[in-house]
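Undergrad: Following this message is one structure expressed as structure tokens.
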Amino acid sequence: VSEIRKRLSTGMKISSSSWKEMGYRMLDDQDYPDALRCLEETNDLHGISLATAYINENYGLAKRARGFFEEANLHFIDASESFLKAGRIKKAVQCRKEGGDQKGAVEILANSGAYEDAAWLATENGLFSETSNIYAKLNKHEIGLASHALGKDFEGMFNYLKEFESIIEPCCWKQYIRFCYVGRFGDSDGAPNEFEKEVLSRIGSLKEQETVLLRYNLANKLFELRNANEKYMEAYEGGISSGLLEKSIQLLSDQALLKTPSSEQGARLYVACKYLQAEHIATNSWPKPGEDWQIHKVLQAAVRRGSAQIDSFVKTWENINQALKSFVESGTGVEIGKLDDVIAGYVNILVRSHEILMWCSSLTRP
């Protein structure tokens with residue numbers, strides 16, 4: 001300041017080169033406000049950016065020391081921008097990090113060509129998508145995919161796999177497409193959306209898709225996949241084995257399967273019918289006087305649609321319904337011993353529960 005005042009007091013005109021010289025000398029002396037004044041006089045854009053950057057950095061440090069963190073961060077970001085204009089990459093990155101903008105710091109490094117440094121910084125801060133993008137530029141695709149995996153960014157991983165399919169080694173590609181599917185959809189056995197269907201289809205052949213679904217016990221999805229590909233018998237048998245009784249019998253009815261079942265198939269179908277009806281009874285209240293016990297809606301819908309076994313089962317239950325109805329209305333006994341063991345068990349419970357209900361009611365009468 002004294003040097004500027006001294007020169008101005010003489011009335012001598014200060015040349016542009018002198019302003020510039022004084023400005024950079026003051027930068028070296030860390031006298032940033034006066035350095036900025038000198039450099040503005042000569043319109044030295046580089047020096048102005050540099051002085052402005054140091055001024056904002058000092059403001060940031062001062063604000064942070066006083067506990068004004070949000071204001072401090074804004075000054076650090078401004079300082080980073082000015083350092084970047086001045087070509088001071090290292091300081092630009094430092095101030096960007098001080099201002100809490102780690103992603104911005106990564107971008108500065110990547111844009112300057114310091115890809116490895118950018119990738120390390122991104123990984124350290126959990127910016128796995130940015131890490132992947134950087135390694136894609138370096139053609140290090142396995143590391144790029146691993147970055148998506150670390151961040152559990154499965155949609156990003158799938159897009160990466162599609163974009164670089166022709167470049168990524170096939171074995172690696174196949175492993176990651178499976179990992180992508182299982183990581184994103186492996187913990188849910190609900191109806192797949194279009195994105196899930198697309199990912200599953202890229203796993204490979206239908207057999208390979210089935211293998212993945214089987215391995216992770218995705219029974220509903222396996223059933224729907226086979227059904228959609230018209231592998232009805234496999235869908236039915238797999239559904240029965242997995243406990244998808246309602247879906248399986250519905251499919252059997254819709255596609256008229258098992259018109260002449262083997263003894264083993266017939267036995268499994270009969271068990272499925274029993275448990276469907278048992279579940280229906282267990283989840284429905286006692287019918288009102290004059291009403292029948294309902295038969296499971298899927299079994300009812302399958303009557304006279306090609307399965308003699310289902311027709312016979314439903315007929316049996318119609319007879320059971322009539323017997324239960326007679327018991328409730330007139331007290332006529334039900335011959336439990338003549339019924340199938342599982343069915344008899346439920347009928348016995350129903351009869352006993354009704355008898356107990358009637359007995360309790362008699363105790364409460366005046």
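Labels for the structure tokens follow display order: chains A, B, ..., residues from 1 in each chain, ligands from 1.
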Which neighbours of stretch 311-314 of chain A fall inside 12 Å, counting only C-alpha atoms, when residues of the same chain fewer than 5 positions from it are skipped, and could you give them as an MDAnalysis selection string?

TA: chainID A and resid 253 259 266 269:277 293:306 319:321 339:340 343

Undergrad: Apply DSSP to the structure's backbone, then extract all residues of stretch 97-229 of chain A labelled helix (DSSP H, G or I) and return them as a tab-separated table (two decimals) with C-alpha atoms, in the first residue's frame.

TA:
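And here is the file that came out, result28.tsv:
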chain	number	residue	atom	x	y	z
A	97	LYS	CA	-13.24	-30.29	-1.09
A	98	GLU	CA	-13.09	-27.68	1.70
A	102	GLN	CA	-16.49	-33.79	-3.36
A	103	LYS	CA	-18.25	-34.52	-6.64
A	104	GLY	CA	-17.16	-31.15	-8.00
A	105	ALA	CA	-13.58	-31.93	-6.97
A	106	VAL	CA	-13.77	-35.24	-8.84
A	107	GLU	CA	-15.05	-33.47	-11.96
A	108	ILE	CA	-12.20	-30.94	-11.86
A	109	LEU	CA	-9.61	-33.72	-11.68
A	110	ALA	CA	-11.28	-35.75	-14.43
A	111	ASN	CA	-11.67	-32.73	-16.72
A	115	TYR	CA	-8.30	-39.69	-14.21
A	116	GLU	CA	-6.67	-41.98	-11.69
A	117	ASP	CA	-6.66	-39.28	-9.01
A	118	ALA	CA	-10.28	-38.49	-9.83
A	119	ALA	CA	-11.22	-42.18	-9.58
A	120	TRP	CA	-9.53	-42.59	-6.20
A	121	LEU	CA	-11.20	-39.47	-4.82
A	122	ALA	CA	-14.60	-40.60	-6.11
A	123	THR	CA	-14.19	-44.04	-4.55
A	124	GLU	CA	-13.06	-42.59	-1.21
A	128	PHE	CA	-19.20	-45.05	-7.37
A	129	SER	CA	-21.12	-43.96	-10.46
A	130	GLU	CA	-18.54	-41.24	-11.09
A	131	THR	CA	-15.77	-43.77	-10.51
A	132	SER	CA	-17.32	-46.05	-13.11
A	133	ASN	CA	-17.57	-43.25	-15.66
A	134	ILE	CA	-13.92	-42.43	-15.20
A	135	TYR	CA	-12.77	-46.01	-15.67
A	136	ALA	CA	-14.98	-46.27	-18.74
A	137	LYS	CA	-12.89	-43.46	-20.28
A	141	HIS	CA	-14.34	-51.89	-17.75
A	142	GLU	CA	-14.01	-54.53	-15.07
A	143	ILE	CA	-13.12	-51.83	-12.55
A	144	GLY	CA	-15.94	-49.68	-13.88
A	145	LEU	CA	-18.42	-52.50	-13.31
A	146	ALA	CA	-16.97	-53.21	-9.88
A	147	SER	CA	-17.59	-49.55	-9.00
A	148	HIS	CA	-21.27	-49.89	-9.84
A	149	ALA	CA	-21.35	-53.08	-7.77
A	150	LEU	CA	-19.81	-51.33	-4.75
A	154	PHE	CA	-27.68	-51.96	-10.56
A	155	GLU	CA	-29.51	-49.85	-13.10
A	156	GLY	CA	-26.28	-48.01	-13.82
A	157	MET	CA	-24.50	-51.33	-14.09
A	158	PHE	CA	-27.05	-52.63	-16.59
A	159	ASN	CA	-26.74	-49.51	-18.74
A	160	TYR	CA	-22.94	-49.84	-18.59
A	161	LEU	CA	-23.16	-53.47	-19.69
A	162	LYS	CA	-25.40	-52.57	-22.62
A	163	GLU	CA	-23.19	-49.68	-23.71
A	170	PRO	CA	-18.07	-62.21	-22.67
A	171	CYS	CA	-17.46	-64.26	-19.53
A	172	CYS	CA	-17.15	-61.10	-17.43
A	173	TRP	CA	-20.24	-59.62	-19.09
A	174	LYS	CA	-22.31	-62.69	-18.29
A	175	GLN	CA	-21.23	-62.77	-14.67
A	176	TYR	CA	-22.12	-59.13	-14.15
A	177	ILE	CA	-25.50	-59.37	-15.88
A	178	ARG	CA	-26.44	-62.16	-13.47
A	179	PHE	CA	-25.06	-60.19	-10.55
A	180	CYS	CA	-27.07	-57.19	-11.72
A	181	TYR	CA	-30.31	-59.18	-11.84
A	182	VAL	CA	-29.85	-60.91	-8.49
A	183	GLY	CA	-28.64	-57.76	-6.75
A	184	ARG	CA	-31.58	-55.69	-7.97
A	185	PHE	CA	-34.41	-58.24	-8.03
A	194	GLU	CA	-40.57	-54.19	-17.72
A	195	PHE	CA	-37.07	-53.30	-16.56
A	196	GLU	CA	-36.73	-56.59	-14.69
A	197	LYS	CA	-37.97	-58.52	-17.71
A	198	GLU	CA	-35.36	-56.81	-19.87
A	199	VAL	CA	-32.52	-57.61	-17.48
A	200	LEU	CA	-33.67	-61.24	-17.11
A	201	SER	CA	-33.89	-61.67	-20.88
A	206	LEU	CA	-34.67	-69.57	-21.33
A	207	LYS	CA	-32.91	-72.45	-19.59
A	208	GLU	CA	-30.28	-70.08	-18.20
A	209	GLN	CA	-32.99	-67.71	-16.97
A	210	GLU	CA	-34.77	-70.61	-15.28
A	211	THR	CA	-31.53	-71.68	-13.60
A	212	VAL	CA	-31.06	-68.26	-12.01
A	213	LEU	CA	-34.66	-68.13	-10.76
A	214	LEU	CA	-34.43	-71.67	-9.38
A	215	ARG	CA	-31.15	-70.97	-7.63
A	219	ALA	CA	-40.87	-69.56	-7.56
A	220	ASN	CA	-43.49	-67.02	-8.64
A	221	LYS	CA	-41.21	-65.48	-11.23
A	222	LEU	CA	-40.22	-68.91	-12.52
A	223	PHE	CA	-43.88	-69.86	-12.85
A	224	GLU	CA	-44.68	-66.67	-14.79
A	225	LEU	CA	-41.62	-67.07	-17.03
A	226	ARG	CA	-42.58	-70.61	-18.02
A	227	ASN	CA	-46.20	-69.66	-18.46
A	228	ALA	CA	-45.26	-66.68	-20.68

Undergrad: Give me, please, the distance in Å between atom CA of A:Phe83 and atom CA of A:Thr52, quoted to one decimal.

TA: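 For atom CA of A:Phe83 relative to atom CA of A:Thr52, the distance reads 8.4 Å.
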
Undergrad: For stretch 247-251 of chain A, find every residue with an atom within 6 Å (counting only C-alpha atoms), except residues of its own chain fewer than 4 positions away, and show them as an NGL selection string.

TA: :A and (236 or 239 or 255)
